[in-house]
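Containing compact mmCIF, C-alpha atoms: structure_31.txt.
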# COMPACT_ATOMS: atom_id res chain seq x y z
CA LEU N 1106 67.80 -236.13 15.60
CA ALA N 1107 66.30 -233.29 13.60
CA LYS N 1108 67.58 -233.08 10.04
CA THR N 1109 68.53 -229.68 8.74
CA THR N 1110 68.46 -228.24 5.24
CA GLN N 1111 70.51 -225.25 4.16
CA PRO N 1112 71.52 -223.72 0.83
CA ILE N 1113 74.70 -225.30 -0.46
CA SER N 1114 76.34 -221.97 -1.21
CA MET N 1115 75.82 -218.22 -1.10
CA ASP N 1116 77.72 -215.24 -2.45
CA SER N 1117 77.73 -211.70 -1.18
CA TYR N 1118 79.85 -208.56 -1.05
CA GLU N 1119 81.74 -206.80 1.67
CA GLY N 1120 79.58 -204.53 3.79
CA GLN N 1121 76.35 -206.35 3.00
CA GLU N 1122 74.08 -208.11 5.46
CA VAL N 1123 73.92 -211.86 4.84
CA ASN N 1124 71.03 -214.04 5.92
CA ILE N 1125 71.35 -217.82 5.83
CA THR N 1126 68.16 -219.77 6.43
CA CYS N 1127 68.01 -223.31 7.76
CA SER N 1128 64.98 -225.61 7.73
CA HIS N 1129 64.45 -228.09 10.55
CA ASN N 1130 60.88 -229.32 10.26
CA ASN N 1131 61.30 -232.16 12.75
CA ILE N 1132 62.74 -230.11 15.59
CA ALA N 1133 61.84 -231.50 19.01
CA THR N 1134 60.64 -229.60 22.05
CA ASN N 1135 63.97 -229.88 23.88
CA ASP N 1136 66.12 -229.04 20.86
CA TYR N 1137 68.19 -225.90 20.60
CA ILE N 1138 69.43 -224.39 17.34
CA THR N 1139 73.15 -223.76 17.07
CA TRP N 1140 75.22 -222.28 14.29
CA TYR N 1141 78.91 -222.98 13.72
CA GLN N 1142 81.46 -221.44 11.40
CA GLN N 1143 84.32 -223.39 9.87
CA PHE N 1144 87.37 -222.13 8.02
CA PRO N 1145 89.46 -224.51 5.88
CA SER N 1146 91.62 -226.88 7.92
CA GLN N 1147 90.19 -225.67 11.23
CA GLY N 1148 87.65 -227.03 13.67
CA PRO N 1149 84.16 -225.51 13.75
CA ARG N 1150 83.71 -222.42 15.86
CA PHE N 1151 80.53 -221.65 17.79
CA ILE N 1152 78.69 -218.58 16.53
CA ILE N 1153 75.30 -218.42 18.21
CA GLN N 1154 72.63 -220.55 19.81
CA GLY N 1155 68.94 -220.03 20.46
CA TYR N 1156 65.66 -221.69 21.32
CA LYS N 1157 63.03 -219.23 20.13
CA THR N 1158 62.44 -215.65 18.94
CA LYS N 1159 65.64 -213.66 18.53
CA VAL N 1160 69.14 -213.93 19.91
CA THR N 1161 71.91 -211.44 19.27
CA ASN N 1162 75.56 -211.41 20.18
CA GLU N 1163 78.58 -209.44 19.04
CA VAL N 1164 78.96 -211.55 15.93
CA ALA N 1165 75.50 -212.37 14.62
CA SER N 1166 71.77 -212.53 15.17
CA LEU N 1167 69.58 -215.59 15.10
CA PHE N 1168 65.93 -215.33 14.20
CA ILE N 1169 63.60 -218.20 15.07
CA PRO N 1170 59.89 -218.07 14.20
CA ALA N 1171 57.21 -219.24 16.57
CA ASP N 1172 56.89 -222.71 15.00
CA ARG N 1173 60.68 -223.19 15.24
CA LYS N 1174 60.73 -225.14 11.98
CA SER N 1175 63.35 -222.83 10.55
CA SER N 1176 65.94 -220.33 11.66
CA THR N 1177 67.91 -217.55 10.03
CA LEU N 1178 71.47 -216.60 10.82
CA SER N 1179 72.08 -212.93 10.10
CA LEU N 1180 75.62 -211.61 9.66
CA PRO N 1181 75.72 -207.80 9.59
CA ARG N 1182 78.16 -206.00 7.32
CA VAL N 1183 80.20 -209.00 6.24
CA SER N 1184 83.88 -208.79 5.39
CA LEU N 1185 86.19 -211.00 3.38
CA SER N 1186 87.12 -212.86 6.57
CA ASP N 1187 83.56 -214.11 6.88
CA THR N 1188 84.14 -216.41 3.92
CA ALA N 1189 83.62 -219.84 5.47
CA VAL N 1190 81.22 -222.75 5.75
CA TYR N 1191 78.30 -222.20 8.12
CA TYR N 1192 76.55 -225.13 9.73
CA CYS N 1193 73.10 -225.12 11.30
CA LEU N 1194 72.63 -227.83 13.92
CA VAL N 1195 69.70 -228.86 16.03
CA GLY N 1196 69.91 -230.89 19.20
CA ASP N 1197 69.17 -231.25 22.89
CA ASN N 1198 71.90 -229.50 24.85
CA HIS N 1199 70.54 -230.23 28.29
CA ARG N 1200 73.06 -231.72 30.66
CA SER N 1201 71.03 -234.90 31.05
CA SER N 1202 70.72 -235.45 27.32
CA ALA N 1203 72.82 -237.93 25.41
CA SER N 1204 72.28 -235.98 22.23
CA LYS N 1205 75.11 -235.88 19.71
CA ILE N 1206 75.76 -233.30 17.04
CA ILE N 1207 75.27 -234.47 13.49
CA PHE N 1208 76.46 -232.05 10.85
CA GLY N 1209 74.48 -231.35 7.71
CA SER N 1210 76.02 -230.18 4.48
CA GLY N 1211 76.49 -226.59 5.59
CA THR N 1212 76.41 -223.39 3.53
CA ARG N 1213 79.57 -222.26 1.81
CA LEU N 1214 79.54 -218.47 2.02
CA SER N 1215 81.83 -216.52 -0.30
CA ILE N 1216 82.35 -212.82 0.25
CA ARG N 1217 83.71 -210.71 -2.58
CA PRO N 1218 85.35 -207.27 -2.43
CA GLY F 1161 85.38 -219.78 26.03
CA ALA F 1162 86.50 -223.30 26.74
CA VAL F 1163 89.49 -224.65 24.84
CA VAL F 1164 89.97 -228.03 23.26
CA SER F 1165 93.38 -228.98 21.91
CA GLN F 1166 94.49 -231.72 19.57
CA HIS F 1167 97.92 -233.21 19.09
CA PRO F 1168 99.48 -233.51 16.64
CA SER F 1169 98.09 -230.86 14.30
CA ARG F 1170 99.33 -232.82 11.31
CA VAL F 1171 100.97 -236.19 10.87
CA ILE F 1172 102.32 -238.17 7.95
CA CYS F 1173 102.72 -241.90 8.34
CA LYS F 1174 103.45 -244.89 6.19
CA SER F 1175 100.83 -247.37 5.17
CA GLY F 1176 100.43 -250.15 7.72
CA THR F 1177 101.52 -248.15 10.74
CA SER F 1178 99.36 -246.86 13.57
CA VAL F 1179 98.82 -243.25 14.54
CA LYS F 1180 97.50 -241.85 17.80
CA ILE F 1181 95.71 -238.51 18.03
CA GLU F 1182 95.08 -236.84 21.37
CA CYS F 1183 92.17 -234.60 22.28
CA ARG F 1184 92.26 -232.58 25.50
CA SER F 1185 89.80 -230.25 27.16
CA LEU F 1186 92.12 -227.69 28.73
CA ASP F 1187 89.97 -225.81 31.19
CA PHE F 1188 86.89 -227.90 31.78
CA GLN F 1189 85.88 -231.47 32.38
CA ALA F 1190 84.20 -233.02 29.40
CA THR F 1191 81.36 -235.37 30.09
CA THR F 1192 81.50 -236.65 26.56
CA MET F 1193 83.92 -236.41 23.68
CA PHE F 1194 83.21 -236.92 20.01
CA TRP F 1195 85.41 -237.79 17.05
CA TYR F 1196 84.65 -236.59 13.53
CA ARG F 1197 86.29 -237.14 10.19
CA GLN F 1198 86.16 -234.65 7.33
CA PHE F 1199 87.18 -235.20 3.73
CA PRO F 1200 87.95 -232.25 1.43
CA LYS F 1201 84.93 -230.16 0.52
CA GLN F 1202 82.68 -232.34 2.67
CA SER F 1203 80.93 -231.92 5.98
CA LEU F 1204 82.04 -233.41 9.27
CA MET F 1205 81.09 -237.04 9.73
CA LEU F 1206 80.62 -238.30 13.25
CA MET F 1207 82.71 -241.40 13.88
CA ALA F 1208 82.15 -242.16 17.54
CA THR F 1209 81.05 -240.87 20.91
CA SER F 1210 83.09 -241.58 23.99
CA ASN F 1211 82.34 -241.18 27.67
CA GLU F 1212 85.01 -241.29 30.33
CA GLY F 1213 85.62 -244.77 31.64
CA SER F 1214 83.34 -246.56 29.23
CA LYS F 1215 83.54 -248.01 25.75
CA ALA F 1216 83.02 -245.71 22.82
CA THR F 1217 79.86 -245.86 20.75
CA TYR F 1218 80.65 -246.04 17.06
CA GLU F 1219 78.48 -244.77 14.25
CA GLN F 1220 77.29 -247.21 11.63
CA GLY F 1221 79.98 -248.06 9.12
CA VAL F 1222 82.90 -247.07 11.35
CA GLU F 1223 85.20 -249.98 12.18
CA LYS F 1224 85.81 -250.03 15.92
CA ASP F 1225 88.85 -252.28 15.57
CA LYS F 1226 90.46 -249.86 13.18
CA PHE F 1227 89.65 -246.65 15.00
CA LEU F 1228 90.43 -247.30 18.64
CA ILE F 1229 89.11 -244.74 21.07
CA ASN F 1230 90.23 -244.44 24.67
CA HIS F 1231 88.70 -241.95 27.07
CA ALA F 1232 90.83 -242.38 30.14
CA SER F 1233 89.92 -239.19 31.96
CA LEU F 1234 87.46 -236.32 31.87
CA THR F 1235 89.98 -234.22 29.96
CA LEU F 1236 91.61 -236.66 27.54
CA SER F 1237 90.43 -238.86 24.72
CA THR F 1238 92.63 -240.55 22.15
CA LEU F 1239 91.91 -241.89 18.69
CA THR F 1240 94.28 -244.49 17.31
CA VAL F 1241 94.11 -245.27 13.62
CA THR F 1242 95.47 -248.79 13.35
CA SER F 1243 97.12 -250.21 10.23
CA ALA F 1244 96.52 -246.96 8.41
CA HIS F 1245 95.97 -246.93 4.66
CA PRO F 1246 95.94 -244.05 2.18
CA GLU F 1247 92.14 -243.97 2.24
CA ASP F 1248 92.34 -243.09 5.95
CA SER F 1249 93.97 -239.79 5.02
CA SER F 1250 91.59 -237.14 6.28
CA PHE F 1251 91.05 -234.29 8.71
CA TYR F 1252 90.15 -235.64 12.13
CA ILE F 1253 88.36 -233.32 14.55
CA CYS F 1254 87.43 -233.96 18.14
CA SER F 1255 84.95 -232.12 20.28
CA ALA F 1256 84.26 -232.07 23.97
CA ARG F 1257 80.94 -231.52 25.63
CA GLY F 1258 80.69 -229.77 28.95
CA GLY F 1259 80.09 -226.49 30.65
CA GLN F 1260 78.30 -224.91 33.54
CA GLY F 1261 74.64 -224.61 34.14
CA ALA F 1262 71.85 -226.74 32.80
CA LEU F 1263 73.00 -226.62 29.20
CA ASP F 1264 76.11 -228.20 27.79
CA GLU F 1265 78.10 -226.70 24.97
CA GLN F 1266 80.20 -228.54 22.47
CA TYR F 1267 83.68 -227.21 21.87
CA PHE F 1268 85.74 -228.30 18.91
CA GLY F 1269 89.44 -228.90 18.62
CA PRO F 1270 91.53 -227.43 15.80
CA GLY F 1271 91.74 -230.73 13.94
CA THR F 1272 94.50 -233.13 12.94
CA ARG F 1273 95.49 -233.60 9.32
CA LEU F 1274 96.47 -237.24 8.73
CA THR F 1275 98.26 -238.21 5.54
CA VAL F 1276 99.03 -241.86 4.92
CA THR F 1277 101.61 -242.53 2.24
As structure tokens:
Amino acid sequence: LAKTTQPISMDSYEGQEVNITCSHNNIATNDYITWYQQFPSQGPRFIIQGYKTKVTNEVASLFIPADRKSSTLSLPRVSLSDTAVYYCLVGDNHRSSASKIIFGSGTRLSIRP
Amino acid sequence: GAVVSQHPSRVICKSGTSVKIECRSLDFQATTMFWYRQFPKQSLMLMATSNEGSKATYEQGVEKDKFLINHASLTLSTLTVTSAHPEDSSFYICSARGGQGALDEQYFGPGTRLTVT
């Protein structure tokens, strides 16, 4: 299981773009990169998933360089409601895989007015 | 997206009693379900992995006789905390793995807050 490293915390302001980078030097060929968001006293919520290059959805973008040893979650124009803990996870999501999700420490993002 | 529910959302019990928490995948069949525990200001810690019809696989340091997991069907897994003690007070989160296509996704429940007095 690839270990991930993220900043413990980040601060930003409303309307700014926030980029959270995650390192995963031991990522395996079959591993995908997935980001989750968690609010206090709630279960994690899926944000975005990717394998390589760039993925974009209505919530965020995920940038993955060619070596796949890191990834960056980009949140455009954050608001106060984006204050949460963000987890970067790496694992094999293929149906035949017995991979399990192990959470790292996550990044506590605080958005100020 | 797929929905995973947990019941109850919060429970308070007395020390020495047992508590059962249910985890259900509402609109899909889960090949595998996972149980996590989360203490305040900490990350989720994986406790065990369960597959329907087979014994759960516990992570190192998790007492299988204390945290009983039953995965009776493809949509239901239960976690029973036996002889609960105050140090078992925590936020318990389940997740269910499933989906269509070649890739599975992991969907998380809303969590259960357990307080042992």
Next on the checklist: Show me, as a PyMOL selection string, the residues that have an atom within 10 Å of segment 1142-1152 of chain N when counting all atoms listed in the file, minus same-chain residues fewer than 5 positions from it.
Outcome noted: (chain N and resi 1162-1167+1178+1186-1193+1211-1213) or (chain F and resi 1161+1164+1169+1198+1200-1201+1203-1204+1251-1255+1265-1273)
Checklist entry - Of the candidates F:Arg1257, F:His1167, F:Arg1197, F:Arg1184, which one gets nearest to Phe1227 of chain F if we count all atoms listed in the file? => result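 Closest residue, counting all atoms listed in the file: F:Arg1197.
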Around the point (72.2, -223.5, 8.8) (coordinates from the file), which residues reach within 10 Å if we count only C-alpha atoms? Answer as a short mmCIF file (atom, residue, chain, number, x, y, z; two decimals) with C-alpha atoms, in the coordinates of the input.
data_model
loop_
_atom_site.label_atom_id
_atom_site.label_comp_id
_atom_site.auth_asym_id
_atom_site.auth_seq_id
_atom_site.Cartn_x
_atom_site.Cartn_y
_atom_site.Cartn_z
CA THR N 1109 68.53 -229.68 8.74
CA THR N 1110 68.46 -228.24 5.24
CA GLN N 1111 70.51 -225.25 4.16
CA PRO N 1112 71.52 -223.72 0.83
CA ILE N 1113 74.70 -225.30 -0.46
CA ASN N 1124 71.03 -214.04 5.92
CA ILE N 1125 71.35 -217.82 5.83
CA THR N 1126 68.16 -219.77 6.43
CA CYS N 1127 68.01 -223.31 7.76
CA SER N 1128 64.98 -225.61 7.73
CA HIS N 1129 64.45 -228.09 10.55
CA ILE N 1138 69.43 -224.39 17.34
CA THR N 1139 73.15 -223.76 17.07
CA TRP N 1140 75.22 -222.28 14.29
CA TYR N 1141 78.91 -222.98 13.72
CA GLN N 1142 81.46 -221.44 11.40
CA SER N 1175 63.35 -222.83 10.55
CA SER N 1176 65.94 -220.33 11.66
CA THR N 1177 67.91 -217.55 10.03
CA LEU N 1178 71.47 -216.60 10.82
CA VAL N 1190 81.22 -222.75 5.75
CA TYR N 1191 78.30 -222.20 8.12
CA TYR N 1192 76.55 -225.13 9.73
CA CYS N 1193 73.10 -225.12 11.30
CA LEU N 1194 72.63 -227.83 13.92
CA VAL N 1195 69.70 -228.86 16.03
CA PHE N 1208 76.46 -232.05 10.85
CA GLY N 1209 74.48 -231.35 7.71
CA SER N 1210 76.02 -230.18 4.48
CA GLY N 1211 76.49 -226.59 5.59
CA THR N 1212 76.41 -223.39 3.53
#
Next on the checklist: I need the residue nearest chain F from this list: N:Asn1135, N:Ser1179, N:Thr1158, N:Ser1117. Use only C-alpha atoms for the distance.
Outcome noted: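 Result for the nearest residue to chain F: N:Asn1135.
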Next on the checklist: From the options F:Ser1250, F:Asn1230, F:Thr1235, F:Thr1277, which residue's atoms come nearest to chain N, counting all atoms listed in the file?
Outcome noted: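 The shortest atom-to-atom distance to chain N comes from F:Ser1250.
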